[in-house]
Amino acid sequence: MGYPIIDVGNLLAPRGAGTMLSMLIVGKLVEKTDPRILILLGLLFIAFSLRQMSLFTDEVSGRTIVISGFLQGIGLGCVFVPLSALTFATLGPKVRTEATPLYNLIRNLGSSLGVSVVITMLSQHSQTNHEGLSTFIEPGNLGLRLFSEKGNIDVQSDIGIFLLNGMVNKQAVLLAYLQDFRFMMWLTLCSIPLLFLFKVPDKEVALI
């Protein structure tokens with residue numbers, strides 16, 4: 001999209017700010033509210049932000065990126081704190097020392113697996129999309145012919161073919177990202193019923 005590195009950092013920073021803000025607020029609410037409600041709220045925030053991201057184009061504004069990232073950060077903060085609280089709330093103090101590294105190990109394994117799946121899907125979708133979009137690059141394509149006649153590209157030269165392939169590849173990768181965002185959105189929504197598996201203790205939930 002042509003953003004300088006510094007601008008990319010500025011666009012992504014609101015996500016961290018949203019996470020920090022929501023964790024501070026949720027940390028005070030988790031002892032007074034059913035943690036499952038907070039997790040549900042967080043999942044809905046995440047799903048909504050992913051829905052916005054699945055509609056991105058290569059001309060998306062920085063404002064849209066900031067808003068979706070901030071909302072996603074809020075959702076992540078709403079999930080992390082109560083999830084940790086529910087994980088340790090039903091455990092006795094004697095086993096919490098062993099449970100902490102096990103919890104972190106499972107979370108890290110899950111994160112690594114999720115990243116691997118998403119990156120694999122991105123690679124596969126990029127190739128599939130490139131193959132599909134390439135079928136439109138043929139002499140009978142009116143749009144391509146008009147584009148060439150205006151002097152924007154010479155499809156008869158090697159450089160023109162190279163540039164045309166780059167344009168197709170750019171759109172194929174962008175579409176692959178949108179497909180990944182849509183997949184993560186549905187995965188987030190499908191995880192909501194799992195909240196009913198959590199057991200909320202009668203005693204006050206304590207954060208560790």
# chains A, B, ... in the order shown; residues from 1 in each chain; ligands from 1
>>> closest_atom_pairs(of="stretch 50-122 of chain A", to="stretch 169-174 of chain A", cutoff="9 Å", atoms="only C-alpha atoms", output="CSV")
residue,atom,partner,partner_atom,distance
A:Phe56,CA,A:Leu174,CA,8.6
A:Thr57,CA,A:Leu174,CA,7.5
A:Asp58,CA,A:Leu174,CA,7.4
A:Leu122,CA,A:Val173,CA,7.6
>>> select_by_dssp(residues="stretch 60-152 of chain A", states="alpha helix (DSSP H)", output="number ranges by chain")
A: 62-89, 96-134, 142-149
>>> residues_around(residues="stretch 38-47 of chain A", least_positions_apart="4", cutoff="10 Å", atoms="only C-alpha atoms", output="PyMOL selection string")
chain A and resi 22+26+29-30+33-34+51-53+68-83+181-182+184-193+195
>>> write_last_selection(atoms="C-alpha atoms", output="mmCIF file, in the first residue's frame")
data_model
loop_
_atom_site.group_PDB
_atom_site.id
_atom_site.type_symbol
_atom_site.label_atom_id
_atom_site.label_comp_id
_atom_site.auth_asym_id
_atom_site.auth_seq_id
_atom_site.Cartn_x
_atom_site.Cartn_y
_atom_site.Cartn_z
ATOM 1 C CA SER A 22 -9.606 -2.327 27.856
ATOM 2 C CA VAL A 26 -11.871 -5.017 32.451
ATOM 3 C CA LEU A 29 -14.972 -5.214 36.153
ATOM 4 C CA VAL A 30 -14.002 -8.877 36.170
ATOM 5 C CA THR A 33 -19.320 -9.121 36.417
ATOM 6 C CA ASP A 34 -19.649 -12.593 34.964
ATOM 7 C CA ARG A 51 -15.475 -7.864 9.362
ATOM 8 C CA GLN A 52 -14.236 -4.330 8.679
ATOM 9 C CA MET A 53 -10.813 -5.653 7.684
ATOM 10 C CA SER A 68 -10.545 -1.364 13.091
ATOM 11 C CA GLY A 69 -7.244 -1.904 14.893
ATOM 12 C CA PHE A 70 -8.402 -0.007 17.986
ATOM 13 C CA LEU A 71 -11.633 -1.999 18.163
ATOM 14 C CA GLN A 72 -9.698 -5.228 17.790
ATOM 15 C CA GLY A 73 -7.383 -4.160 20.606
ATOM 16 C CA ILE A 74 -10.366 -3.490 22.854
ATOM 17 C CA GLY A 75 -11.705 -6.940 22.060
ATOM 18 C CA LEU A 76 -8.391 -8.637 22.836
ATOM 19 C CA GLY A 77 -8.186 -6.885 26.192
ATOM 20 C CA CYS A 78 -11.740 -7.952 27.018
ATOM 21 C CA VAL A 79 -10.797 -11.578 26.326
ATOM 22 C CA PHE A 80 -7.361 -11.948 27.923
ATOM 23 C CA VAL A 81 -8.101 -10.751 31.459
ATOM 24 C CA PRO A 82 -11.342 -12.664 32.179
ATOM 25 C CA LEU A 83 -10.000 -15.749 30.396
ATOM 26 C CA PHE A 181 -9.761 -11.977 7.742
ATOM 27 C CA ARG A 182 -13.148 -13.435 6.862
ATOM 28 C CA MET A 184 -10.836 -15.488 11.368
ATOM 29 C CA MET A 185 -14.107 -13.599 11.777
ATOM 30 C CA TRP A 186 -16.170 -16.779 11.421
ATOM 31 C CA LEU A 187 -13.737 -18.680 13.656
ATOM 32 C CA THR A 188 -14.190 -16.022 16.331
ATOM 33 C CA LEU A 189 -17.971 -16.208 16.104
ATOM 34 C CA CYS A 190 -17.904 -20.009 16.211
ATOM 35 C CA SER A 191 -15.913 -19.898 19.452
ATOM 36 C CA ILE A 192 -18.715 -18.067 21.304
ATOM 37 C CA PRO A 193 -20.659 -21.261 22.217
ATOM 38 C CA LEU A 195 -18.166 -19.933 26.695
#
>>> closest_residue(among="A:Lys32, A:Arg96, A:Ile65, A:His125", to="A:Arg15", atoms="only C-alpha atoms")
A:Ile65
